[in-house]
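Heads up, run-v7.cif below (mmCIF, C-alpha atoms):
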```
data_upload
loop_
_atom_site.label_atom_id
_atom_site.label_comp_id
_atom_site.auth_asym_id
_atom_site.auth_seq_id
_atom_site.Cartn_x
_atom_site.Cartn_y
_atom_site.Cartn_z
CA MET A 8 63.48 -3.32 -41.40
CA THR A 9 66.35 -1.56 -39.79
CA GLY A 10 63.92 0.78 -38.09
CA GLN A 11 62.08 -2.11 -36.55
CA ARG A 12 65.24 -3.77 -35.45
CA THR A 13 66.55 -0.61 -33.85
CA ALA A 14 63.28 -0.19 -31.99
CA TRP A 15 63.56 -3.66 -30.49
CA THR A 16 67.21 -3.14 -29.81
CA ARG A 17 66.51 0.07 -28.01
CA LEU A 18 63.77 -1.59 -25.99
CA ARG A 19 66.06 -4.44 -25.07
CA SER A 20 68.88 -2.12 -24.11
CA ALA A 21 66.45 -0.09 -22.04
CA MET A 22 65.34 -3.22 -20.19
CA ARG A 23 68.91 -4.11 -19.44
CA PRO A 24 69.55 -3.48 -15.73
CA HIS A 25 71.75 -0.53 -15.45
CA ALA A 26 71.26 1.99 -12.75
CA SER A 27 72.20 5.55 -13.18
CA ARG A 28 71.16 8.77 -11.50
CA GLY A 29 69.48 9.69 -14.79
CA ASN A 30 66.76 7.04 -14.82
CA LEU A 31 66.28 6.85 -11.09
CA LEU A 32 63.83 9.73 -11.18
CA PRO A 33 61.68 8.29 -13.99
CA GLY A 34 61.55 5.01 -12.00
CA LEU A 35 60.39 6.94 -8.97
CA LEU A 36 57.71 8.65 -11.02
CA CYS A 37 56.55 5.34 -12.48
CA ALA A 38 56.33 3.92 -8.96
CA LEU A 39 54.24 6.92 -8.02
CA LEU A 40 52.01 6.29 -11.04
CA GLY A 41 51.48 2.63 -10.17
CA PHE A 42 50.74 3.56 -6.60
CA ALA A 43 48.26 6.23 -7.66
CA VAL A 44 46.54 3.90 -10.10
CA VAL A 45 46.00 1.26 -7.46
CA VAL A 46 44.82 3.80 -4.90
CA GLN A 47 42.40 5.35 -7.35
CA VAL A 48 41.02 2.00 -8.45
CA ARG A 49 40.45 0.99 -4.87
CA SER A 50 38.79 4.22 -3.90
CA THR A 51 36.56 3.98 -6.98
CA GLN A 52 35.54 0.47 -6.08
CA ASP A 53 34.39 1.34 -2.61
CA ALA A 54 33.35 4.88 -3.37
CA GLY A 55 30.07 5.98 -1.90
CA LEU A 56 28.64 9.44 -2.03
CA ASP A 57 31.74 10.88 -0.37
CA GLY A 58 33.77 10.35 -3.54
CA LEU A 59 31.52 12.54 -5.66
CA ARG A 60 31.98 16.19 -6.49
CA GLN A 61 29.61 18.89 -5.43
CA SER A 62 27.72 19.24 -8.71
CA ASP A 63 27.07 15.51 -8.87
CA LEU A 64 25.85 15.55 -5.29
CA VAL A 65 23.51 18.43 -6.09
CA ARG A 66 22.14 16.55 -9.10
CA ILE A 67 21.60 13.41 -7.01
CA LEU A 68 19.92 15.49 -4.33
CA ASP A 69 17.63 17.02 -6.95
CA ASP A 70 16.76 13.58 -8.28
CA VAL A 71 15.98 12.29 -4.81
CA THR A 72 13.91 15.35 -3.95
CA GLU A 73 11.91 15.05 -7.14
CA ARG A 74 11.38 11.38 -6.60
CA SER A 75 10.24 11.87 -3.03
CA ASP A 76 7.83 14.58 -4.20
CA ARG A 77 6.37 12.16 -6.73
CA LEU A 78 6.05 9.44 -4.11
CA ARG A 79 4.45 11.84 -1.65
CA THR A 80 1.85 12.81 -4.24
CA GLU A 81 1.17 9.16 -4.93
CA ALA A 82 0.84 8.43 -1.21
CA ARG A 83 -1.64 11.28 -0.83
CA ASP A 84 -3.73 9.93 -3.72
CA LEU A 85 -3.74 6.47 -2.20
CA GLU A 86 -4.75 7.81 1.20
CA GLU A 87 -7.64 9.67 -0.36
CA THR A 88 -8.75 6.54 -2.15
CA ARG A 89 -8.53 4.56 1.06
CA ALA A 90 -10.55 7.16 2.95
CA ARG A 91 -13.17 7.10 0.22
CA VAL A 92 -13.38 3.32 0.28
CA THR A 93 -13.55 3.23 4.08
CA ASN A 94 -16.31 5.82 4.18
CA GLY A 95 -18.21 3.91 1.53
CA SER A 96 -18.04 0.68 3.49
CA THR A 97 -19.17 2.35 6.74
CA GLY A 98 -22.00 3.98 4.80
CA SER A 99 -23.12 0.66 3.38
CA ARG A 100 -22.83 -0.92 6.83
CA ALA A 101 -25.06 1.76 8.30
CA ALA A 102 -27.54 1.17 5.50
CA LEU A 103 -27.41 -2.55 6.21
CA ASP A 104 -28.03 -2.01 9.94
CA GLU A 105 -30.95 0.24 9.16
CA ALA A 106 -32.39 -2.26 6.74
CA GLN A 107 -32.07 -5.03 9.31
CA ALA A 108 -33.77 -2.93 11.99
CA ARG A 109 -36.59 -2.14 9.57
CA ALA A 110 -36.88 -5.83 8.69
CA ARG A 111 -37.26 -6.65 12.41
CA VAL A 112 -40.04 -4.08 12.84
CA LEU A 113 -41.83 -5.31 9.75
CA GLY A 114 -41.37 -8.89 10.93
CA ILE A 115 -43.22 -8.06 14.16
CA LEU A 116 -46.02 -6.37 12.22
CA ALA A 117 -46.27 -9.24 9.72
CA GLY A 118 -46.14 -11.87 12.45
CA THR A 119 -42.99 -13.55 11.18
CA LEU A 120 -40.97 -12.74 14.29
CA PRO A 121 -41.68 -13.41 17.97
CA ALA A 122 -42.43 -10.26 19.96
CA THR A 123 -42.19 -9.24 23.57
CA GLY A 124 -43.07 -6.16 25.57
CA PRO A 125 -45.57 -4.69 28.00
CA GLY A 126 -49.23 -5.42 27.36
CA ILE A 127 -52.33 -7.20 28.58
CA GLU A 128 -53.82 -10.65 28.72
CA LEU A 129 -57.57 -10.84 28.05
CA THR A 130 -59.34 -14.06 28.92
CA ILE A 131 -62.88 -14.57 27.64
CA SER A 132 -64.79 -17.42 29.23
CA ASP A 133 -68.04 -18.18 27.47
CA PRO A 134 -69.95 -20.91 29.26
CA ASP A 135 -73.13 -20.39 27.23
CA GLY A 136 -71.41 -20.35 23.85
CA LYS A 137 -72.89 -17.00 22.89
CA VAL A 138 -69.66 -15.29 21.88
CA GLY A 139 -69.35 -15.48 18.13
CA PRO A 140 -66.73 -14.41 15.65
CA GLU A 141 -68.19 -10.90 15.38
CA VAL A 142 -67.57 -10.28 19.08
CA LEU A 143 -63.98 -11.42 18.79
CA LEU A 144 -63.54 -9.24 15.70
CA ASP A 145 -64.92 -6.24 17.57
CA THR A 146 -62.55 -7.01 20.41
CA LEU A 147 -59.62 -7.09 18.01
CA GLN A 148 -60.66 -3.82 16.36
CA GLU A 149 -60.96 -2.20 19.80
CA LEU A 150 -57.47 -3.43 20.68
CA ARG A 151 -56.06 -2.12 17.41
CA ASP A 152 -57.66 1.26 17.99
CA ALA A 153 -56.00 1.32 21.39
CA GLY A 154 -52.63 0.86 19.80
CA ALA A 155 -52.06 -2.90 19.95
CA GLU A 156 -48.85 -3.72 18.12
CA ALA A 157 -48.83 -7.51 18.25
CA VAL A 158 -51.76 -9.79 19.04
CA GLU A 159 -52.16 -13.51 19.55
CA ILE A 160 -55.44 -15.36 20.00
CA SER A 161 -55.54 -18.83 21.48
CA SER A 162 -57.72 -21.31 23.23
CA LEU A 163 -56.70 -21.44 26.86
CA ALA A 164 -55.32 -24.91 26.41
CA GLY A 165 -55.15 -25.12 22.67
CA PRO A 166 -53.70 -23.75 19.44
CA ALA A 167 -52.57 -20.14 19.14
CA VAL A 168 -52.94 -17.84 16.15
CA ARG A 169 -50.81 -14.78 15.47
CA VAL A 170 -53.10 -11.96 14.42
CA VAL A 171 -52.07 -9.96 11.38
CA ALA A 172 -53.75 -7.47 9.06
CA ALA A 173 -55.43 -10.24 7.01
CA THR A 174 -56.72 -12.24 9.97
CA SER A 175 -60.28 -13.50 9.53
CA PHE A 176 -62.88 -14.69 12.03
CA GLU A 177 -65.44 -17.24 10.92
CA ALA A 178 -68.09 -19.38 12.47
CA PRO A 179 -67.25 -23.07 12.18
CA THR A 180 -68.94 -24.62 9.15
CA ASP A 181 -68.40 -28.27 9.89
CA SER A 182 -70.58 -30.31 12.24
CA GLY A 183 -67.78 -31.10 14.66
CA GLY A 184 -69.29 -29.29 17.65
CA GLY A 185 -73.00 -29.52 16.94
CA ASP A 186 -74.36 -25.99 16.71
CA GLY A 187 -70.89 -24.46 16.65
CA ALA A 188 -71.30 -22.76 20.00
CA GLY A 189 -68.10 -21.92 21.83
CA ARG A 190 -65.99 -22.35 18.73
CA VAL A 191 -64.51 -19.87 16.30
CA VAL A 192 -62.32 -20.40 13.27
CA VAL A 193 -59.51 -17.88 13.13
CA ASP A 194 -57.43 -17.97 9.94
CA GLY A 195 -58.46 -21.58 9.39
CA THR A 196 -57.58 -22.68 12.91
CA GLU A 197 -60.47 -23.70 15.13
CA LEU A 198 -60.32 -22.22 18.62
CA THR A 199 -62.61 -23.25 21.47
CA SER A 200 -63.78 -21.23 24.45
CA PRO A 201 -62.35 -19.95 26.67
CA TYR A 202 -60.31 -17.68 24.49
CA ARG A 203 -57.21 -15.77 25.39
CA PHE A 204 -55.86 -12.60 23.77
CA LEU A 205 -52.20 -11.73 24.30
CA VAL A 206 -51.68 -8.13 23.31
CA ILE A 207 -48.51 -6.03 23.24
CA GLY A 208 -49.01 -2.30 23.56
CA ASP A 209 -49.59 0.36 26.21
CA SER A 210 -51.24 -1.82 28.85
CA ARG A 211 -53.23 0.95 30.54
CA THR A 212 -54.62 2.30 27.28
CA LEU A 213 -55.55 -1.21 26.17
CA ALA A 214 -57.24 -2.04 29.44
CA ALA A 215 -59.14 1.24 29.44
CA ALA A 216 -60.26 0.74 25.86
CA LEU A 217 -61.79 -2.61 26.75
CA ASP A 218 -63.47 -1.30 29.88
CA ILE A 219 -65.36 1.71 28.52
CA PRO A 220 -69.16 1.73 28.82
CA GLY A 221 -70.59 -0.09 25.85
CA GLY A 222 -67.16 -1.54 25.19
CA VAL A 223 -66.00 -5.08 24.80
CA LEU A 224 -66.37 -6.09 28.42
CA ASP A 225 -69.91 -4.65 28.51
CA VAL A 226 -70.92 -6.61 25.42
CA LEU A 227 -69.46 -9.79 26.90
CA ARG A 228 -71.41 -9.28 30.09
CA GLN A 229 -74.61 -8.86 28.08
CA ASP A 230 -73.86 -12.22 26.43
CA ASP A 231 -73.45 -13.83 29.84
CA ALA A 232 -69.77 -14.23 29.11
CA GLN A 233 -66.90 -12.97 31.24
CA GLY A 234 -63.87 -11.03 30.17
CA VAL A 235 -60.90 -10.68 32.47
CA VAL A 236 -58.15 -8.18 31.69
CA THR A 237 -54.72 -8.56 33.31
CA GLN A 238 -52.10 -5.89 32.77
CA ARG A 239 -48.59 -7.25 32.48
CA ASP A 240 -45.13 -5.72 32.38
CA ARG A 241 -44.01 -8.34 29.95
CA VAL A 242 -46.03 -10.27 27.41
CA THR A 243 -44.26 -12.64 25.04
CA ILE A 244 -45.88 -13.74 21.79
CA THR A 245 -44.16 -16.72 20.27
CA SER A 246 -46.62 -17.96 17.68
CA LEU A 247 -45.52 -17.13 14.16
CA ARG A 248 -46.96 -16.88 10.72
CA ALA A 249 -45.22 -17.58 7.46
CA ALA A 250 -44.58 -14.48 5.43
CA PRO A 251 -46.83 -14.52 2.40
CA SER A 252 -45.03 -14.02 -0.88
CA PRO A 253 -47.15 -12.05 -3.30
CA ARG A 254 -47.82 -13.79 -6.57
CA TYR A 255 -48.57 -10.72 -8.63
CA ALA A 256 -47.62 -7.61 -6.77
CA ARG A 257 -44.02 -6.37 -7.10
CA PRO A 258 -42.37 -3.42 -5.42
CA ALA A 259 -42.95 -0.33 -7.54
CA ASP A 260 -40.14 2.09 -8.23
CA ASP A 261 -40.61 5.40 -6.51
CA MET B 13 64.28 -1.30 -16.49
CA ILE B 14 64.29 0.85 -13.44
CA ALA B 15 61.01 2.39 -14.61
CA ALA B 16 59.29 -0.99 -15.04
CA ILE B 17 60.54 -2.13 -11.64
CA GLY B 18 59.32 1.14 -10.15
CA LEU B 19 55.87 0.65 -11.66
CA VAL B 20 55.58 -2.84 -10.22
CA LEU B 21 56.87 -1.65 -6.84
CA GLY B 22 54.32 1.15 -6.79
CA ILE B 23 51.46 -1.22 -7.59
CA VAL B 24 52.58 -3.65 -4.90
CA ALA B 25 52.92 -0.83 -2.39
CA GLY B 26 49.45 0.42 -3.24
CA ILE B 27 47.99 -3.05 -2.80
CA PHE B 28 49.65 -3.70 0.54
CA LEU B 29 49.46 -0.29 2.12
CA GLU B 30 45.78 0.25 1.31
CA PRO B 31 45.90 4.00 1.71
CA THR B 32 42.78 6.13 1.57
CA VAL B 33 42.67 9.10 -0.74
CA PRO B 34 42.48 12.38 1.18
CA THR B 35 39.37 14.35 0.39
CA TRP B 36 41.14 17.33 -1.16
CA LEU B 37 42.89 14.99 -3.58
CA GLN B 38 39.84 13.02 -4.67
CA PRO B 39 38.80 15.11 -7.70
CA TYR B 40 42.37 15.40 -9.00
CA LEU B 41 43.78 11.93 -8.62
CA PRO B 42 41.96 10.26 -11.55
CA ILE B 43 42.88 13.05 -13.95
CA ALA B 44 46.44 13.08 -12.66
CA VAL B 45 46.71 9.35 -13.26
CA VAL B 46 45.49 9.69 -16.82
CA ALA B 47 47.89 12.57 -17.45
CA ALA B 48 50.77 10.52 -16.05
CA LEU B 49 49.80 7.62 -18.27
CA ASP B 50 49.99 9.97 -21.20
CA ALA B 51 53.47 11.02 -20.16
CA VAL B 52 54.56 7.41 -19.74
CA PHE B 53 53.32 6.45 -23.20
CA GLY B 54 55.00 9.49 -24.65
CA GLY B 55 58.21 8.47 -22.92
CA LEU B 56 57.95 4.95 -24.26
CA ARG B 57 57.46 6.25 -27.76
CA ALA B 58 60.47 8.52 -27.40
CA LEU B 59 62.47 5.60 -26.11
CA LEU B 60 61.67 3.54 -29.19
CA ASP B 61 62.42 6.51 -31.42
CA GLY B 62 65.80 6.73 -29.76
CA ILE B 63 65.25 10.24 -28.51
CA PHE B 64 64.35 9.39 -24.90
CA ASP B 65 65.69 11.84 -22.40
CA ASP B 66 64.98 11.28 -18.75
CA ARG B 67 64.99 14.98 -18.00
CA VAL B 68 62.35 15.61 -20.62
CA PHE B 69 60.35 12.65 -19.29
CA VAL B 70 60.39 13.93 -15.71
CA VAL B 71 59.45 17.43 -16.75
CA SER B 72 56.65 16.29 -19.04
CA PHE B 73 55.34 13.87 -16.38
CA VAL B 74 55.20 16.51 -13.65
CA ALA B 75 53.89 19.18 -16.01
CA ASN B 76 51.14 16.88 -17.31
CA VAL B 77 49.98 16.05 -13.81
CA LEU B 78 50.09 19.65 -12.64
CA VAL B 79 48.29 21.03 -15.70
CA ALA B 80 45.62 18.35 -15.48
CA ALA B 81 45.08 19.10 -11.80
CA LEU B 82 45.01 22.81 -12.54
CA ILE B 83 42.40 22.39 -15.25
CA VAL B 84 40.22 20.33 -12.96
CA TYR B 85 40.61 22.84 -10.17
CA LEU B 86 39.74 25.68 -12.53
CA GLY B 87 36.72 23.74 -13.81
CA ASP B 88 35.50 23.17 -10.28
CA GLN B 89 35.83 26.86 -9.52
CA LEU B 90 33.96 27.77 -12.71
CA GLY B 91 31.23 25.21 -12.04
CA VAL B 92 32.07 23.11 -15.09
CA GLY B 93 34.35 20.64 -13.31
CA THR B 94 32.58 17.55 -14.58
CA GLN B 95 32.56 18.63 -18.21
CA LEU B 96 36.14 19.87 -18.10
CA SER B 97 37.30 16.62 -16.51
CA THR B 98 35.61 14.74 -19.31
CA GLY B 99 37.29 16.98 -21.86
CA VAL B 100 40.73 16.46 -20.32
CA VAL B 101 40.22 12.70 -20.25
CA VAL B 102 39.15 12.73 -23.89
CA VAL B 103 42.15 14.75 -25.00
CA LEU B 104 44.60 12.68 -22.99
CA GLY B 105 42.93 9.51 -24.23
CA ILE B 106 43.43 10.60 -27.83
CA ARG B 107 47.09 11.34 -27.14
CA ILE B 108 47.56 7.97 -25.44
CA PHE B 109 46.01 6.25 -28.41
CA SER B 110 48.20 8.08 -30.94
CA ASN B 111 51.32 7.33 -28.86
CA ALA B 112 50.30 3.69 -28.58
CA ALA B 113 49.79 3.61 -32.36
CA ALA B 114 53.30 5.05 -32.91
CA ILE B 115 54.78 2.49 -30.53
CA ARG B 116 52.95 -0.28 -32.33
CA ARG B 117 54.21 0.95 -35.64
CA GLN B 118 57.77 1.08 -34.31
CA LEU B 119 57.67 -2.41 -32.86
CA PHE B 120 55.61 -4.29 -35.45
CA ARG B 121 55.74 -2.11 -38.55
CA ALA B 122 51.98 -2.28 -38.63
#
```
Output the structure of this file as structure tokens.
Amino acid sequence: MTGQRTAWTRLRSAMRPHASRGNLLPGLLCALLGFAVVVQVRSTQDAGLDGLRQSDLVRILDDVTERSDRLRTEARDLEETRARVTNGSTGSRAALDEAQARARVLGILAGTLPATGPGIELTISDPDGKVGPEVLLDTLQELRDAGAEAVEISSLAGPAVRVVAATSFEAPTDSGGGDGAGRVVVDGTELTSPYRFLVIGDSRTLAAALDIPGGVLDVLRQDDAQGVVTQRDRVTITSLRAAPSPRYARPADD
Amino acid sequence: MIAAIGLVLGIVAGIFLEPTVPTWLQPYLPIAVVAALDAVFGGLRALLDGIFDDRVFVVSFVANVLVAALIVYLGDQLGVGTQLSTGVVVVLGIRIFSNAAAIRRQLFRA
């Protein structure tokens, strides 16, 4: 009890204002302490990197370097992936372009696309009605041998038929035109004389193939018919044919 | 009394003057502050024990600060500045706690 009281008493007596040279210096030191505390607190609050010691700075630098290395590796991986993806897409685009070009070529051959190019026009006038389907078929074969790439047969003022690999020539079976002279059924379409072939290919080769001795034009002359060949820089075939879809056949794996 | 007034004056001066710590002092100031706190608590304990002597207080205050700064400087030179600073703070913290406990015992008997 007395100890406690003396402690409080001493504290109270110490707090009593009495100035002496003796406790002036401790007061000065305490002022210095308070000043230093405040200064340190402030500098800690707004301390950036400049408040750190060398070893800490080295450690931070190491951390940053390591981190940037990791990020650089990651960036390199991502760039490689991007390059791979980009190459893949350009590759597939090239494949798509090629496939489309091939589809266009096949469309011309199958008669599903209009075609244009140099070629000839062959007009067969047959006043006596002696030109039958076999003559037209021979004509077509001759044209194919000469490198015809797209062919259309039409009446001069009538329907037109795009010629494809499966094209057939028949004599008319109905009684529409009496004896059937001057008429031919091509792929189910009846054409009447005069006939006109539009052919795309090398025009000079085609014309020469028709004009050889014993060739198409000779045969026509023997039948009292007349064939006229006109070479053209540009022949346009617009008649089309629906693409047949096979019922049974499927593409076979290679 | 003078000491308490001095403490308050120092804090006020620090707040209003807004000084910046010079670079050469930056590693030492925190340790010096802790060491000075230790001296102040020791002085308070001595005061309550009735054996306070201002000469001893001044000497212990200055010596504490100087030794703490010296230890930090030595640690920096040896490359163990961070660890040594931590050690000094731990030791001084223990001393502050024991002094505070003695003061508490003196004042409250608990």
As a PDB file with C-alpha atoms, in the frame of the given file, could you give me every residue of chain B near chain A (at most 8 Å apart, counting only C-alpha atoms)?
```pdb
ATOM      1  CA  MET B  13      64.280  -1.300 -16.490  1.00  0.00           C
ATOM      2  CA  ILE B  14      64.290   0.850 -13.440  1.00  0.00           C
ATOM      3  CA  ALA B  15      61.010   2.390 -14.610  1.00  0.00           C
ATOM      4  CA  ALA B  16      59.290  -0.990 -15.040  1.00  0.00           C
ATOM      5  CA  ILE B  17      60.540  -2.130 -11.640  1.00  0.00           C
ATOM      6  CA  GLY B  18      59.320   1.140 -10.150  1.00  0.00           C
ATOM      7  CA  LEU B  19      55.870   0.650 -11.660  1.00  0.00           C
ATOM      8  CA  VAL B  20      55.580  -2.840 -10.220  1.00  0.00           C
ATOM      9  CA  LEU B  21      56.870  -1.650  -6.840  1.00  0.00           C
ATOM     10  CA  GLY B  22      54.320   1.150  -6.790  1.00  0.00           C
ATOM     11  CA  ILE B  23      51.460  -1.220  -7.590  1.00  0.00           C
ATOM     12  CA  VAL B  24      52.580  -3.650  -4.900  1.00  0.00           C
ATOM     13  CA  ALA B  25      52.920  -0.830  -2.390  1.00  0.00           C
ATOM     14  CA  GLY B  26      49.450   0.420  -3.240  1.00  0.00           C
ATOM     15  CA  ILE B  27      47.990  -3.050  -2.800  1.00  0.00           C
ATOM     16  CA  GLU B  30      45.780   0.250   1.310  1.00  0.00           C
ATOM     17  CA  PRO B  31      45.900   4.000   1.710  1.00  0.00           C
ATOM     18  CA  THR B  32      42.780   6.130   1.570  1.00  0.00           C
ATOM     19  CA  VAL B  33      42.670   9.100  -0.740  1.00  0.00           C
ATOM     20  CA  THR B  35      39.370  14.350   0.390  1.00  0.00           C
ATOM     21  CA  GLN B  38      39.840  13.020  -4.670  1.00  0.00           C
ATOM     22  CA  PRO B  39      38.800  15.110  -7.700  1.00  0.00           C
ATOM     23  CA  LEU B  41      43.780  11.930  -8.620  1.00  0.00           C
ATOM     24  CA  PRO B  42      41.960  10.260 -11.550  1.00  0.00           C
ATOM     25  CA  VAL B  45      46.710   9.350 -13.260  1.00  0.00           C
ATOM     26  CA  ALA B  48      50.770  10.520 -16.050  1.00  0.00           C
ATOM     27  CA  LEU B  49      49.800   7.620 -18.270  1.00  0.00           C
ATOM     28  CA  VAL B  52      54.560   7.410 -19.740  1.00  0.00           C
ATOM     29  CA  LEU B  59      62.470   5.600 -26.110  1.00  0.00           C
ATOM     30  CA  LEU B  60      61.670   3.540 -29.190  1.00  0.00           C
ATOM     31  CA  ASP B  61      62.420   6.510 -31.420  1.00  0.00           C
ATOM     32  CA  GLY B  62      65.800   6.730 -29.760  1.00  0.00           C
ATOM     33  CA  ASP B  66      64.980  11.280 -18.750  1.00  0.00           C
ATOM     34  CA  ARG B  67      64.990  14.980 -18.000  1.00  0.00           C
ATOM     35  CA  PHE B  69      60.350  12.650 -19.290  1.00  0.00           C
ATOM     36  CA  VAL B  70      60.390  13.930 -15.710  1.00  0.00           C
ATOM     37  CA  PHE B  73      55.340  13.870 -16.380  1.00  0.00           C
ATOM     38  CA  GLY B  91      31.230  25.210 -12.040  1.00  0.00           C
ATOM     39  CA  THR B  94      32.580  17.550 -14.580  1.00  0.00           C
ATOM     40  CA  GLN B 118      57.770   1.080 -34.310  1.00  0.00           C
ATOM     41  CA  LEU B 119      57.670  -2.410 -32.860  1.00  0.00           C
ATOM     42  CA  PHE B 120      55.610  -4.290 -35.450  1.00  0.00           C
ATOM     43  CA  ARG B 121      55.740  -2.110 -38.550  1.00  0.00           C
TER      44      ARG B 121
END
```
Next item on the list: Check which residues satisfy the PyMOL selection byres ((chain A and resi 171-174) around 9) in the file shown, then give them as a ChimeraX atom specification.
Entry: /A:116-118,157-159,169-170,175-176,193-194,248
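Put simply, CA of Ser75 in chain A is 27.9 Å away from CA of Gln52 in chain A.
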Margin query: Env of Val84 in chain B: 10 Å cut, atoms = all atoms listed in the file, seq-sep filter 5 positions within chain, self excluded. Answer as a list in words.
Written below: Pro39, Tyr40, Ile43, Ala44, Leu78, Val79, Gln89, Leu90, Val92, Gly93, Thr94, Gln95, Leu96, Ser97, Thr98, Gly99 and Val100 of chain B
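Taking CA of Ala188 in chain A and CA of Asp135 in chain A as the two end points, the separation is 7.8 Å.
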Residues within 12 Å of Asp152 in chain A, please, as a CSV table (one decimal) with C-alpha atoms, keeping the file's coordinate frame. Count all atoms listed in the file; anything in the same chain fewer than 4 positions from it doesn't count.
```
chain,number,residue,atom,x,y,z
A,145,ASP,CA,-64.9,-6.2,17.6
A,146,THR,CA,-62.6,-7.0,20.4
A,147,LEU,CA,-59.6,-7.1,18.0
A,148,GLN,CA,-60.7,-3.8,16.4
A,156,GLU,CA,-48.8,-3.7,18.1
A,208,GLY,CA,-49.0,-2.3,23.6
A,209,ASP,CA,-49.6,0.4,26.2
A,212,THR,CA,-54.6,2.3,27.3
A,213,LEU,CA,-55.6,-1.2,26.2
A,214,ALA,CA,-57.2,-2.0,29.4
A,215,ALA,CA,-59.1,1.2,29.4
A,216,ALA,CA,-60.3,0.7,25.9
A,217,LEU,CA,-61.8,-2.6,26.8
```
Enclosing box along x, y and z for every listed atom of range 159-169 of chain A, padded 4 Å each side, centre and size in Å, one decimal, as JSON:
```
{"center_x": -54.3, "center_y": -19.3, "center_z": 21.2, "size_x": 14.9, "size_y": 19.6, "size_z": 19.4}
```
Margin query: I need every residue sitting at most 6 Å from the point (-58.3, -12.9, 23.3) (coordinates as in the file, all atoms listed in the file considered), written as a PyMOL selection string.
Written below: chain A and resi 129-130+160+202-204
Using C-alpha atoms, can you write the selected residues to a file as a JSON list (two decimals), in the coordinates of the input?
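part.json, written as the output of this step:
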```json
[["chain", "number", "residue", "atom", "x", "y", "z"],
["A", 129, "LEU", "CA", -57.57, -10.84, 28.05],
["A", 130, "THR", "CA", -59.34, -14.06, 28.92],
["A", 160, "ILE", "CA", -55.44, -15.36, 20.00],
["A", 202, "TYR", "CA", -60.31, -17.68, 24.49],
["A", 203, "ARG", "CA", -57.21, -15.77, 25.39],
["A", 204, "PHE", "CA", -55.86, -12.60, 23.77]]
```
Checklist line | Between CA of Ile131 in chain A and CA of Pro201 in chain A, distance in Å (one decimal) | finding: 5.5 Å
Margin query: Residues within 8 Å of Ala178 in chain A, please, as a list in words. Count all atoms listed in the file; anything in the same chain fewer than 3 positions from it doesn't count.
Written below: Gly139, Pro140, Gly187, Arg190, Val191 and Val192 of chain A
Save out the residues we just selected, C-alpha atoms, as a PDB file, keeping the file's coordinate frame.
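Printed below is again_11.pdb as written:
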```
ATOM      1  CA  GLY A 139     -69.350 -15.480  18.130  1.00  0.00           C
ATOM      2  CA  PRO A 140     -66.730 -14.410  15.650  1.00  0.00           C
ATOM      3  CA  GLY A 187     -70.890 -24.460  16.650  1.00  0.00           C
ATOM      4  CA  ARG A 190     -65.990 -22.350  18.730  1.00  0.00           C
ATOM      5  CA  VAL A 191     -64.510 -19.870  16.300  1.00  0.00           C
ATOM      6  CA  VAL A 192     -62.320 -20.400  13.270  1.00  0.00           C
TER       7      VAL A 192
END
```
Take the PyMOL selection byres ((chain A and resi 250) around 10), apply it to the structure above, and return the hits as a compact mmCIF listing (two decimals) with C-alpha atoms, keeping the file's coordinate frame.
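Final output, saved to selection_1.txt:
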```txt
# COMPACT_ATOMS: atom_id res chain seq x y z
CA GLY A 114 -41.37 -8.89 10.93
CA ALA A 117 -46.27 -9.24 9.72
CA GLY A 118 -46.14 -11.87 12.45
CA THR A 119 -42.99 -13.55 11.18
CA LEU A 120 -40.97 -12.74 14.29
CA LEU A 247 -45.52 -17.13 14.16
CA ARG A 248 -46.96 -16.88 10.72
CA ALA A 249 -45.22 -17.58 7.46
CA PRO A 251 -46.83 -14.52 2.40
CA SER A 252 -45.03 -14.02 -0.88
CA PRO A 253 -47.15 -12.05 -3.30
```
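Proximity to Ala112 in chain B was assessed for B:Phe28, B:Ile83, B:Val71, B:Arg57 counting all atoms listed in the file; the smallest distance is recorded for B:Arg57.
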I need range 33-38 of chain B written out with N, CA, C and O atoms, as a compact mmCIF listing (two decimals), in the first residue's frame; please produce it.
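Output below, filename selection-v4.txt:
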```
# COMPACT_ATOMS: atom_id res chain seq x y z
N VAL B 33 13.47 13.29 -43.84
CA VAL B 33 14.61 12.62 -43.22
C VAL B 33 15.74 12.59 -44.23
O VAL B 33 15.55 12.15 -45.37
N PRO B 34 16.92 13.05 -43.88
CA PRO B 34 18.05 12.94 -44.80
C PRO B 34 18.39 11.47 -45.06
O PRO B 34 18.17 10.61 -44.20
N THR B 35 18.91 11.22 -46.25
CA THR B 35 19.09 9.84 -46.67
C THR B 35 20.02 9.07 -45.74
O THR B 35 19.75 7.91 -45.41
N TRP B 36 21.08 9.72 -45.28
CA TRP B 36 22.06 8.99 -44.47
C TRP B 36 21.46 8.60 -43.13
O TRP B 36 21.94 7.69 -42.47
N LEU B 37 20.37 9.30 -42.75
CA LEU B 37 19.78 9.02 -41.44
C LEU B 37 18.67 7.97 -41.51
O LEU B 37 18.27 7.41 -40.49
N GLN B 38 18.20 7.69 -42.74
CA GLN B 38 17.00 6.87 -42.88
C GLN B 38 17.10 5.49 -42.22
O GLN B 38 16.14 5.04 -41.59
```
